[in-house]
$ cat data30.txt   # compact mmCIF, C-alpha atoms and all ligand atoms
# COMPACT_ATOMS: atom_id res chain seq x y z
CA MET A 304 177.96 42.77 101.57
CA LEU A 305 176.89 39.12 101.15
CA ASN A 306 177.95 38.35 104.74
CA GLN A 307 175.57 41.02 105.86
CA LEU A 308 172.40 39.61 104.22
CA ASP A 309 170.19 37.56 106.53
CA GLY A 310 166.57 36.94 107.38
CA HIS A 311 166.16 40.54 108.55
CA THR A 312 167.53 42.24 105.43
CA ILE A 313 165.22 44.98 104.14
CA LEU A 314 164.81 45.30 100.38
CA ILE A 315 164.84 48.52 98.36
CA GLY A 316 164.26 48.44 94.60
CA LEU A 317 164.96 50.39 91.46
CA MET A 318 162.22 50.04 88.85
CA ALA A 319 162.94 51.22 85.32
CA TYR A 320 163.63 50.06 81.78
CA PRO A 321 166.39 49.92 80.65
CA ILE A 322 168.24 49.91 83.96
CA ARG A 323 171.22 47.55 83.91
CA HIS A 324 173.64 50.48 83.35
CA SER A 325 172.58 52.26 86.56
CA MET A 326 175.13 53.24 89.21
CA SER A 327 172.46 53.38 91.92
CA PRO A 328 172.78 49.75 93.14
CA THR A 329 176.54 50.22 93.66
CA MET A 330 175.98 53.59 95.35
CA HIS A 331 173.36 52.36 97.83
CA ASN A 332 174.78 48.90 98.60
CA HIS A 333 178.24 50.31 99.35
CA SER A 334 176.60 52.91 101.57
CA PHE A 335 174.64 50.25 103.49
CA GLU A 336 177.81 48.23 103.96
CA LYS A 337 179.85 51.23 105.07
CA LEU A 338 177.23 52.24 107.66
CA GLY A 339 176.45 48.64 108.73
CA LEU A 340 172.79 48.93 107.70
CA ASN A 341 170.92 45.71 106.97
CA TYR A 342 169.41 46.72 103.62
CA ALA A 343 169.86 45.48 100.05
CA TYR A 344 169.19 47.53 96.89
CA LEU A 345 168.34 45.70 93.66
CA ALA A 346 167.53 46.87 90.13
CA PHE A 347 164.43 45.44 88.43
CA GLU A 348 163.55 45.81 84.77
CA VAL A 349 160.04 47.23 85.01
CA ASP A 350 158.16 49.01 82.22
CA ASP A 351 154.67 50.48 81.98
CA LYS A 352 153.11 47.03 81.53
CA THR A 353 154.61 45.47 84.64
CA LEU A 354 154.64 48.60 86.82
CA PRO A 355 151.28 48.05 88.64
CA LYS A 356 152.31 44.55 89.83
CA ALA A 357 155.80 45.77 90.72
CA ILE A 358 154.35 48.57 92.87
CA ASP A 359 152.00 46.10 94.58
CA SER A 360 155.02 43.96 95.38
CA ILE A 361 156.50 46.82 97.45
CA ARG A 362 153.52 46.39 99.78
CA ALA A 363 153.36 42.58 99.50
CA LEU A 364 157.07 42.06 100.26
CA ASP A 365 157.15 44.87 102.83
CA MET A 366 160.01 46.53 100.94
CA ARG A 367 161.17 49.86 102.41
CA GLY A 368 160.68 51.51 99.04
CA SER A 369 162.08 51.96 95.57
CA ASN A 370 163.65 54.33 93.14
CA ILE A 371 161.68 54.91 89.98
CA SER A 372 163.15 55.95 86.67
CA MET A 373 162.14 56.16 83.01
CA PRO A 374 159.59 55.27 81.69
CA ASN A 375 157.77 55.10 85.04
CA LYS A 376 158.27 58.48 86.70
CA GLN A 377 154.84 59.86 85.78
CA THR A 378 152.82 56.67 85.31
CA VAL A 379 153.60 55.55 88.86
CA ILE A 380 151.71 58.47 90.42
CA PRO A 381 148.16 56.99 90.34
CA LEU A 382 149.52 53.77 91.88
CA LEU A 383 150.71 55.52 95.06
CA ASP A 384 148.80 56.47 98.21
CA LYS A 385 150.34 59.89 98.79
CA LEU A 386 152.58 62.42 97.09
CA ASP A 387 155.03 64.79 98.67
CA PRO A 388 153.87 68.36 97.72
CA THR A 389 157.02 69.05 95.65
CA ALA A 390 156.61 65.79 93.72
CA GLU A 391 153.00 66.78 93.09
CA MET A 392 154.05 70.11 91.61
CA ILE A 393 156.82 68.52 89.57
CA GLY A 394 154.43 65.82 88.39
CA ALA A 395 157.02 63.05 88.68
CA VAL A 396 158.31 60.58 91.28
CA ASN A 397 161.78 59.08 91.55
CA THR A 398 161.59 57.73 95.10
CA ILE A 399 158.90 55.74 96.92
CA VAL A 400 158.84 55.26 100.67
CA ASN A 401 156.73 52.48 102.18
CA ASP A 402 155.45 53.26 105.67
CA ASN A 403 153.50 50.20 106.83
CA GLY A 404 151.85 49.70 103.45
CA VAL A 405 151.31 53.40 102.71
CA LEU A 406 153.36 54.38 99.67
CA THR A 407 154.48 58.02 99.38
CA GLY A 408 156.13 59.41 96.24
CA TYR A 409 158.98 61.96 96.34
CA THR A 410 161.23 63.61 93.77
CA THR A 411 164.83 64.05 94.87
CA ASP A 412 166.41 65.27 91.58
CA GLY A 413 165.85 68.96 92.37
CA VAL A 414 167.06 68.54 95.95
CA GLY A 415 170.13 66.80 94.56
CA PHE A 416 170.84 69.70 92.20
CA MET A 417 170.59 72.30 94.97
CA GLN A 418 172.63 70.22 97.42
CA SER A 419 175.39 69.68 94.84
CA LEU A 420 175.84 73.46 94.62
CA ASP A 421 175.78 73.80 98.42
CA ASP A 422 178.53 71.15 98.49
CA GLU A 423 180.64 73.54 96.39
CA ASN A 424 179.78 76.47 98.68
CA LEU A 425 177.87 78.12 95.85
CA ASN A 426 174.63 79.77 96.91
CA ILE A 427 172.21 80.51 94.08
CA ARG A 428 169.39 81.65 96.38
CA GLY A 429 168.43 85.27 95.67
CA GLN A 430 170.09 85.09 92.25
CA LYS A 431 169.07 84.74 88.59
CA MET A 432 169.18 81.36 86.86
CA VAL A 433 168.94 80.63 83.14
CA LEU A 434 167.71 77.09 82.62
CA SER A 435 167.44 75.25 79.33
CA GLY A 436 165.12 72.25 79.25
CA ALA A 437 161.76 71.40 80.78
CA GLY A 438 161.70 67.62 80.80
CA GLY A 439 161.91 65.48 83.92
CA ALA A 440 165.24 66.88 85.14
CA GLY A 441 164.51 70.47 84.11
CA THR A 442 161.13 70.50 85.83
CA ALA A 443 162.55 69.12 89.09
CA ILE A 444 165.40 71.66 89.02
CA ALA A 445 163.17 74.63 88.16
CA ILE A 446 160.58 73.99 90.84
CA GLN A 447 163.01 73.05 93.61
CA ALA A 448 165.29 76.03 92.86
CA ALA A 449 162.31 78.42 92.90
CA PHE A 450 161.05 77.00 96.20
CA ASP A 451 164.53 77.21 97.67
CA GLY A 452 164.79 80.94 96.90
CA VAL A 453 166.19 81.54 93.42
CA LYS A 454 164.93 85.07 92.65
CA GLU A 455 164.58 85.07 88.89
CA MET A 456 164.46 82.26 86.34
CA ALA A 457 164.53 82.42 82.54
CA ILE A 458 163.42 79.02 81.22
CA PHE A 459 164.33 78.18 77.63
CA ASN A 460 163.00 75.30 75.55
CA ARG A 461 162.98 74.55 71.86
CA ASP A 462 159.67 74.28 70.05
CA ASP A 463 158.96 70.62 70.80
CA GLU A 464 156.58 68.61 72.99
CA PHE A 465 158.29 69.95 76.14
CA LEU A 466 157.49 73.61 75.41
CA GLU A 467 154.07 73.26 77.05
CA ASN A 468 155.80 71.78 80.07
CA ALA A 469 158.10 74.80 80.19
CA GLN A 470 155.04 77.09 80.24
CA ARG A 471 153.49 74.98 83.01
CA ASN A 472 156.70 75.25 85.07
CA VAL A 473 156.72 79.04 84.63
CA ASP A 474 153.07 79.27 85.70
CA ILE A 475 153.54 77.09 88.79
CA ILE A 476 156.64 79.00 89.89
CA ASN A 477 154.96 82.40 89.47
CA GLU A 478 151.84 81.24 91.27
CA LYS A 479 153.42 79.36 94.18
CA THR A 480 156.80 80.96 94.86
CA ASP A 481 158.43 84.39 95.14
CA CYS A 482 160.61 83.62 92.10
CA LYS A 483 159.83 85.53 88.89
CA ALA A 484 159.90 83.01 86.03
CA THR A 485 159.69 83.72 82.30
CA LEU A 486 159.39 81.47 79.24
CA HIS A 487 161.84 81.85 76.35
CA HIS A 488 162.42 80.11 73.04
CA LEU A 489 165.75 78.48 72.34
CA GLU A 490 165.36 79.48 68.69
CA ASP A 491 165.74 83.16 69.75
CA GLN A 492 169.52 83.19 70.08
CA ASP A 493 169.74 86.96 70.77
CA ASP A 494 167.40 86.56 73.72
CA PHE A 495 169.35 83.52 74.97
CA LYS A 496 172.60 85.49 74.93
CA ALA A 497 170.96 88.54 76.55
CA GLN A 498 169.44 86.49 79.39
CA LEU A 499 172.82 84.91 80.12
CA ALA A 500 174.54 88.30 80.31
CA ASP A 501 173.20 89.07 83.82
CA ALA A 502 172.63 85.50 85.08
CA PHE A 503 174.37 84.05 88.12
CA ILE A 504 174.05 80.45 86.92
CA TYR A 505 173.31 78.71 83.63
CA CYS A 506 172.01 75.15 83.88
CA ASP A 507 171.48 72.94 80.84
CA SER A 508 168.97 70.20 81.64
CA THR A 509 168.35 69.15 78.04
CA SER A 510 169.51 65.84 76.58
CA VAL A 511 172.02 67.71 74.40
CA GLY A 512 175.58 66.57 75.12
CA MET A 513 174.56 63.03 76.03
CA ASN A 514 174.46 60.06 73.68
CA PRO A 515 173.03 60.21 70.94
CA LEU A 516 173.57 64.00 71.09
CA GLU A 517 177.11 63.66 72.48
CA GLY A 518 179.50 66.30 71.13
CA GLN A 519 176.64 68.77 70.61
CA THR A 520 175.96 71.91 72.64
CA LEU A 521 173.33 74.64 72.77
CA ILE A 522 176.08 77.28 73.18
CA SER A 523 179.15 77.06 70.98
CA ASP A 524 180.55 80.59 71.36
CA PRO A 525 182.80 80.96 74.44
CA SER A 526 182.22 84.72 74.42
CA TRP A 527 178.66 84.11 75.68
CA PHE A 528 180.18 83.16 79.03
CA ARG A 529 181.76 85.22 81.81
CA LYS A 530 184.33 84.10 84.34
CA ASP A 531 181.87 84.47 87.20
CA LEU A 532 178.91 82.67 85.59
CA ILE A 533 178.33 79.19 87.04
CA VAL A 534 177.86 76.69 84.19
CA TYR A 535 176.15 73.44 85.14
CA ASP A 536 175.46 70.59 82.70
CA THR A 537 173.16 67.91 84.13
CA VAL A 538 174.73 65.31 81.83
CA TYR A 539 177.30 63.06 83.54
CA ALA A 540 178.11 60.61 80.72
CA PRO A 541 180.40 61.77 79.22
CA ARG A 542 182.07 63.42 82.23
CA THR A 543 183.10 66.42 80.12
CA THR A 544 180.48 67.61 77.67
CA LYS A 545 180.91 69.94 74.72
CA LEU A 546 179.12 72.68 76.70
CA MET A 547 181.67 72.30 79.50
CA GLU A 548 184.52 72.59 77.00
CA VAL A 549 183.05 75.79 75.58
CA ALA A 550 182.57 77.19 79.11
CA GLU A 551 186.17 76.36 79.96
CA ALA A 552 187.30 78.07 76.75
CA GLY A 553 185.27 81.07 77.98
CA HIS A 554 187.36 81.05 81.22
CA VAL A 555 184.41 80.18 83.46
CA ASP A 556 185.60 79.44 87.01
CA HIS A 557 182.83 77.04 88.05
CA VAL A 558 181.92 74.39 85.48
CA PHE A 559 180.05 71.25 86.59
CA ASN A 560 178.71 68.05 85.11
CA GLY A 561 175.70 66.18 86.57
CA LEU A 562 177.65 63.82 88.86
CA GLY A 563 177.08 65.91 91.97
CA MET A 564 173.36 66.03 91.29
CA MET A 565 173.24 62.28 90.67
CA LEU A 566 175.05 61.55 93.91
CA GLU A 567 172.98 63.96 96.00
CA GLN A 568 169.61 62.82 94.60
CA GLY A 569 170.65 59.35 95.74
CA ALA A 570 171.71 60.67 99.14
CA ALA A 571 168.31 62.37 99.57
CA ALA A 572 166.51 59.09 98.78
CA PHE A 573 168.87 57.19 101.12
CA LYS A 574 167.94 59.58 103.94
CA LEU A 575 164.21 59.10 103.28
CA TRP A 576 164.53 55.30 103.51
CA THR A 577 167.05 54.89 106.30
CA GLY A 578 167.05 58.21 108.21
CA GLU A 579 170.86 58.18 107.80
CA ASP A 580 173.23 60.40 105.82
CA MET A 581 174.79 58.65 102.84
CA PRO A 582 178.62 58.67 103.08
CA VAL A 583 178.80 60.83 99.95
CA ASP A 584 182.58 61.37 99.84
CA TYR A 585 183.22 57.64 100.26
CA ILE A 586 180.76 56.81 97.45
CA HIS A 587 182.22 59.50 95.24
CA ASP A 588 185.63 57.84 95.54
CA ILE A 589 184.21 54.40 94.74
CA LEU A 590 182.15 55.48 91.74
CA PHE A 591 184.31 58.12 90.13
P1 LIG A 601 163.43 64.48 79.08
O1 LIG A 601 163.30 63.64 77.85
O2 LIG A 601 162.35 64.46 80.08
O3 LIG A 601 163.64 66.02 78.60
C1 LIG A 601 164.50 66.35 77.53
C2 LIG A 601 164.68 67.86 77.42
O4 LIG A 601 165.71 68.10 76.45
C3 LIG A 601 163.44 68.61 76.91
O5 LIG A 601 163.39 69.89 77.50
C4 LIG A 601 163.71 68.74 75.40
O6 LIG A 601 163.05 69.85 74.83
C5 LIG A 601 165.21 68.95 75.41
N1 LIG A 601 165.88 68.57 74.16
C6 LIG A 601 166.01 67.32 73.65
N2 LIG A 601 166.72 67.36 72.51
C7 LIG A 601 167.04 68.66 72.29
C8 LIG A 601 167.76 69.35 71.28
N3 LIG A 601 168.32 68.70 70.25
N4 LIG A 601 167.90 70.68 71.39
C9 LIG A 601 167.36 71.35 72.43
N5 LIG A 601 166.66 70.76 73.42
C10 LIG A 601 166.51 69.43 73.35
O7 LIG A 601 164.83 64.07 79.69
P2 LIG A 601 165.31 64.24 81.23
O8 LIG A 601 165.02 63.01 81.98
O9 LIG A 601 164.83 65.56 81.75
O10 LIG A 601 166.89 64.30 81.03
C11 LIG A 601 167.49 65.45 80.46
C12 LIG A 601 168.96 65.49 80.82
O11 LIG A 601 169.12 65.53 82.22
C13 LIG A 601 169.74 64.29 80.31
O12 LIG A 601 170.92 64.77 79.73
C14 LIG A 601 170.06 63.50 81.56
O13 LIG A 601 171.33 62.90 81.49
C15 LIG A 601 170.09 64.58 82.62
N6 LIG A 601 169.74 64.08 83.95
C16 LIG A 601 170.69 64.14 84.91
C17 LIG A 601 170.39 63.71 86.19
C18 LIG A 601 171.45 63.79 87.25
O14 LIG A 601 171.24 63.29 88.35
N7 LIG A 601 172.57 64.42 86.97
C19 LIG A 601 169.12 63.20 86.50
C20 LIG A 601 168.17 63.15 85.48
C21 LIG A 601 168.49 63.59 84.20
$ encode --input "data30.txt" --output "structure tokens"
Amino acid sequence: MLNQLDGHTILIGLMAYPIRHSMSPTMHNHSFEKLGLNYAYLAFEVDDKTLPKAIDSIRALDMRGSNISMPNKQTVIPLLDKLDPTAEMIGAVNTIVNDNGVLTGYTTDGVGFMQSLDDENLNIRGQKMVLSGAGGAGTAIAIQAAFDGVKEMAIFNRDDEFLENAQRNVDIINEKTDCKATLHHLEDQDDFKAQLADAFIYCDSTSVGMNPLEGQTLISDPSWFRKDLIVYDTVYAPRTTKLMEVAEAGHVDHVFNGLGMMLEQGAAAFKLWTGEDMPVDYIHDILF
């Protein structure tokens, strides 16, 4: 890697706080090295106070772009020149591309989710999805899945500050896509169970299952699951969540954590910056 850096090396950033735990620098730098691309990817601790200057530096240093993560995914939007239409609908940006000083914002989380299922030869287009959560990840998944052809979507959220977001996601999907979306309350357990009964896939995009909610799950009864229901937890640390354990106890054939989504959202950003396909299998072996 170091041998490769020279006066022509192109910089790509990751701007978030906290960020030192991120796997993205390893993922992208190993990919550049593997493909012989003269880029370097570095993580920068950037919060809402330093974000405007950091975004200006993309232009000033002629960086190719940056990933953006919490707490900057929404606040970055007014600082950009253009938004990809899907990012506009999602209302969040995780990838910036710099084309000669013009900064365009994209969201690749939803693309990553869909691609991770394609990688497993599972096609959820034309099918019913039950989705819990309507935060950053849930919104990206809901809108991308609806645009990509999921036929019916039951979106559940608890009664917290994200409930309004869930309603907004339902409204956008019904207005702009052929998918029929409905809003449901996580507190209504009978409804939750009933919606799952004829679903093709259940995706949990809430923070439940991840530290500090590790060991918790929204569904603790294995009998809620069927063998042929796909169960997808967006959490990837820990690798096996409580929800996944319950699904396995319910004899579900296809149970996933969020690693595939994480890898494929990175691959989608990599393609936007470099025009090349990330060597996903190679990176998977390095990281996991
Ligand atoms: P967020 O804060 O934007 O949204 C949190 C969501 O969780 C909201 O819908 C909220 O209502 C819900 N929630 C929180 N606590 C809850 C509880 N106790 N019971 C029920 N619902 C609860 O967070 P986010 O950025 O959308 O991240 C959510 C999850 O998605 C995290 O677990 C994160 O690890 C995962 N994620 C995965 C990837 C990936 O690439 N695999 C990418 C982004 C996020």
$ closest_residue --input "data30.txt" --among "A:Ile504, A:Ala363, A:Leu466, A:Met318" --to "Phe559 in chain A" --atoms "only C-alpha atoms"
A:Ile504
$ closest_residue --input "data30.txt" --among "A:Ala571, A:Leu546, A:Leu308, A:Ala390" --to "Gln519 in chain A" --atoms "all atoms listed in the file"
A:Leu546
$ atom_distance --input "data30.txt" --atom1 "atom C6 of ligand LIG 601 (chain A)" --atom2 "CA of Asp524 in chain A"
19.8 Å
$ closest_atom_pairs --input "data30.txt" --of "chain A" --to "ligand LIG 601 (chain A)" --cutoff "9 Å" --atoms "all atoms listed in the file" --output "Markdown table"
| residue | atom | partner | partner_atom | distance |
| --- | --- | --- | --- | --- |
| A:Ser372 | CA | A:LIG601 | O8 | 8.7 |
| A:Met373 | CA | A:LIG601 | O8 | 7.5 |
| A:Asp412 | CA | A:LIG601 | C19 | 6.1 |
| A:Gly413 | CA | A:LIG601 | O14 | 8.8 |
| A:Gly415 | CA | A:LIG601 | O14 | 7.2 |
| A:Phe416 | CA | A:LIG601 | O14 | 7.5 |
| A:Ser435 | CA | A:LIG601 | O5 | 7.0 |
| A:Gly436 | CA | A:LIG601 | O5 | 3.4 |
| A:Ala437 | CA | A:LIG601 | O5 | 4.0 |
| A:Gly438 | CA | A:LIG601 | O2 | 3.3 |
| A:Gly439 | CA | A:LIG601 | O9 | 3.6 |
| A:Ala440 | CA | A:LIG601 | O9 | 3.7 |
| A:Gly441 | CA | A:LIG601 | O9 | 5.5 |
| A:Thr442 | CA | A:LIG601 | O9 | 7.4 |
| A:Ala443 | CA | A:LIG601 | O9 | 8.5 |
| A:Phe459 | CA | A:LIG601 | O5 | 8.3 |
| A:Asn460 | CA | A:LIG601 | O6 | 5.5 |
| A:Arg461 | CA | A:LIG601 | C9 | 5.5 |
| A:Asp462 | CA | A:LIG601 | O6 | 7.3 |
| A:Asp463 | CA | A:LIG601 | O6 | 5.8 |
| A:Glu464 | CA | A:LIG601 | O6 | 6.8 |
| A:Phe465 | CA | A:LIG601 | O6 | 4.9 |
| A:Leu466 | CA | A:LIG601 | O6 | 6.7 |
| A:Asn468 | CA | A:LIG601 | O5 | 8.2 |
| A:Ala469 | CA | A:LIG601 | O5 | 7.7 |
| A:Leu489 | CA | A:LIG601 | C9 | 7.3 |
| A:Asp507 | CA | A:LIG601 | C12 | 7.9 |
| A:Ser508 | CA | A:LIG601 | O11 | 4.7 |
| A:Thr509 | CA | A:LIG601 | O4 | 3.3 |
| A:Ser510 | CA | A:LIG601 | O12 | 3.6 |
| A:Val511 | CA | A:LIG601 | C7 | 5.5 |
| A:Gly512 | CA | A:LIG601 | O12 | 6.8 |
| A:Met513 | CA | A:LIG601 | O12 | 5.5 |
| A:Asn514 | CA | A:LIG601 | O12 | 8.4 |
| A:Leu516 | CA | A:LIG601 | N3 | 7.1 |
| A:Gln519 | CA | A:LIG601 | N3 | 8.3 |
| A:Thr520 | CA | A:LIG601 | N4 | 8.2 |
| A:Leu521 | CA | A:LIG601 | C9 | 6.8 |
| A:Asp536 | CA | A:LIG601 | O12 | 8.0 |
| A:Thr537 | CA | A:LIG601 | N7 | 4.5 |
| A:Val538 | CA | A:LIG601 | O13 | 4.2 |
| A:Tyr539 | CA | A:LIG601 | N7 | 6.0 |
| A:Ala540 | CA | A:LIG601 | O13 | 7.2 |
| A:Asn560 | CA | A:LIG601 | N7 | 7.4 |
| A:Gly561 | CA | A:LIG601 | N7 | 3.6 |
| A:Leu562 | CA | A:LIG601 | N7 | 5.5 |
| A:Gly563 | CA | A:LIG601 | N7 | 6.9 |
| A:Met564 | CA | A:LIG601 | O14 | 4.5 |
| A:Met565 | CA | A:LIG601 | O14 | 3.2 |
| A:Leu566 | CA | A:LIG601 | O14 | 7.0 |
| A:Glu567 | CA | A:LIG601 | O14 | 7.9 |
| A:Gln568 | CA | A:LIG601 | O14 | 6.5 |
| A:Gly569 | CA | A:LIG601 | O14 | 8.4 |
$ residues_around --input "data30.txt" --residues "Asn375 in chain A" --least-positions-apart "5" --cutoff "7 Å" --atoms "all atoms listed in the file" --output "MDAnalysis selection string"
chainID A and resid 319 350:351
$ closest_residue --input "data30.txt" --among "A:Gly404, A:Gly553, A:Gly429, A:Gly316" --to "Pro525 in chain A" --atoms "all atoms listed in the file"
A:Gly553
$ atom_distance --input "data30.txt" --atom1 "CA of Lys530 in chain A" --atom2 "CA of Asp556 in chain A"
5.5 Å
$ atom_distance --input "data30.txt" --atom1 "CA of Met330 in chain A" --atom2 "CA of Val583 in chain A"
9.0 Å
$ axis_aligned_box --input "data30.txt" --around "range 524-528 of chain A" --padding-each-side "4 Å" --output "AutoDock Vina command-line options"
--center_x 180.7 --center_y 82.7 --center_z 75.2 --size_x 12.1 --size_y 12.1 --size_z 15.7
$ residues_around --input "data30.txt" --residues "Val414 in chain A" --least-positions-apart "3" --cutoff "7 Å" --atoms "all atoms listed in the file" --output "list of chain:residue names"
A:Thr411, A:Met417, A:Gln418, A:Gln447, A:Gln568
$ closest_residue --input "data30.txt" --among "A:Phe528, A:Cys482, A:Asn426, A:Gln307" --to "Lys337 in chain A" --atoms "all atoms listed in the file"
A:Gln307
$ closest_residue --input "data30.txt" --among "A:Ala550, A:Val534, A:Ile315, A:Val349" --to "Ala572 in chain A" --atoms "all atoms listed in the file"
A:Ile315
$ decode --input "data30.txt" --residues "range 361-369 of chain A" --atoms "all heavy atoms" --output "mmCIF file, in the first residue's frame"
data_model
loop_
_atom_site.group_PDB
_atom_site.id
_atom_site.type_symbol
_atom_site.label_atom_id
_atom_site.label_comp_id
_atom_site.auth_asym_id
_atom_site.auth_seq_id
_atom_site.Cartn_x
_atom_site.Cartn_y
_atom_site.Cartn_z
ATOM 1 N N ILE A 361 -12.863 18.990 0.495
ATOM 2 C CA ILE A 361 -12.982 18.025 -0.617
ATOM 3 C C ILE A 361 -12.717 18.764 -1.933
ATOM 4 O O ILE A 361 -11.988 18.282 -2.805
ATOM 5 C CB ILE A 361 -14.385 17.374 -0.641
ATOM 6 C CG1 ILE A 361 -14.629 16.571 0.631
ATOM 7 C CG2 ILE A 361 -14.559 16.507 -1.886
ATOM 8 C CD1 ILE A 361 -16.018 15.969 0.739
ATOM 9 N N ARG A 362 -13.301 19.971 -2.013
ATOM 10 C CA ARG A 362 -13.071 20.786 -3.231
ATOM 11 C C ARG A 362 -11.632 21.314 -3.253
ATOM 12 O O ARG A 362 -10.931 21.195 -4.254
ATOM 13 C CB ARG A 362 -14.030 21.971 -3.278
ATOM 14 C CG ARG A 362 -15.508 21.597 -3.358
ATOM 15 C CD ARG A 362 -16.351 22.868 -3.542
ATOM 16 N NE ARG A 362 -17.776 22.596 -3.559
ATOM 17 C CZ ARG A 362 -18.554 22.603 -2.472
ATOM 18 N NH1 ARG A 362 -18.046 22.862 -1.285
ATOM 19 N NH2 ARG A 362 -19.839 22.342 -2.583
ATOM 20 N N ALA A 363 -11.195 21.871 -2.111
ATOM 21 C CA ALA A 363 -9.876 22.530 -2.063
ATOM 22 C C ALA A 363 -8.740 21.558 -2.367
ATOM 23 O O ALA A 363 -7.774 21.913 -3.042
ATOM 24 C CB ALA A 363 -9.678 23.165 -0.695
ATOM 25 N N LEU A 364 -8.863 20.325 -1.866
ATOM 26 C CA LEU A 364 -7.778 19.334 -2.043
ATOM 27 C C LEU A 364 -8.003 18.466 -3.275
ATOM 28 O O LEU A 364 -7.235 17.547 -3.535
ATOM 29 C CB LEU A 364 -7.677 18.447 -0.796
ATOM 30 C CG LEU A 364 -7.415 19.166 0.530
ATOM 31 C CD1 LEU A 364 -7.388 18.166 1.680
ATOM 32 C CD2 LEU A 364 -6.115 19.955 0.482
ATOM 33 N N ASP A 365 -9.082 18.761 -4.001
ATOM 34 C CA ASP A 365 -9.456 17.964 -5.172
ATOM 35 C C ASP A 365 -9.520 16.473 -4.825
ATOM 36 O O ASP A 365 -9.011 15.621 -5.563
ATOM 37 C CB ASP A 365 -8.495 18.226 -6.339
ATOM 38 C CG ASP A 365 -9.117 17.775 -7.665
ATOM 39 O OD1 ASP A 365 -10.356 17.647 -7.717
ATOM 40 O OD2 ASP A 365 -8.355 17.531 -8.630
ATOM 41 N N MET A 366 -10.124 16.179 -3.663
ATOM 42 C CA MET A 366 -10.364 14.776 -3.297
ATOM 43 C C MET A 366 -11.412 14.206 -4.246
ATOM 44 O O MET A 366 -12.234 14.938 -4.792
ATOM 45 C CB MET A 366 -10.887 14.690 -1.846
ATOM 46 C CG MET A 366 -9.877 15.115 -0.804
ATOM 47 S SD MET A 366 -10.628 15.415 0.834
ATOM 48 C CE MET A 366 -11.261 13.795 1.260
ATOM 49 N N ARG A 367 -11.400 12.877 -4.437
ATOM 50 C CA ARG A 367 -12.408 12.266 -5.323
ATOM 51 C C ARG A 367 -13.774 12.219 -4.646
ATOM 52 O O ARG A 367 -14.807 12.172 -5.297
ATOM 53 C CB ARG A 367 -11.951 10.840 -5.694
ATOM 54 C CG ARG A 367 -12.929 10.082 -6.559
ATOM 55 C CD ARG A 367 -13.171 10.793 -7.889
ATOM 56 N NE ARG A 367 -14.079 10.078 -8.755
ATOM 57 C CZ ARG A 367 -15.101 10.632 -9.411
ATOM 58 N NH1 ARG A 367 -15.347 11.937 -9.297
ATOM 59 N NH2 ARG A 367 -15.867 9.922 -10.188
ATOM 60 N N GLY A 368 -13.752 12.226 -3.296
ATOM 61 C CA GLY A 368 -15.021 12.197 -2.583
ATOM 62 C C GLY A 368 -14.836 11.749 -1.161
ATOM 63 O O GLY A 368 -13.719 11.765 -0.630
ATOM 64 N N SER A 369 -15.960 11.336 -0.549
ATOM 65 C CA SER A 369 -15.891 10.922 0.848
ATOM 66 C C SER A 369 -17.104 10.077 1.194
ATOM 67 O O SER A 369 -18.161 10.210 0.577
ATOM 68 C CB SER A 369 -15.877 12.164 1.748
ATOM 69 O OG SER A 369 -15.713 11.794 3.097
#
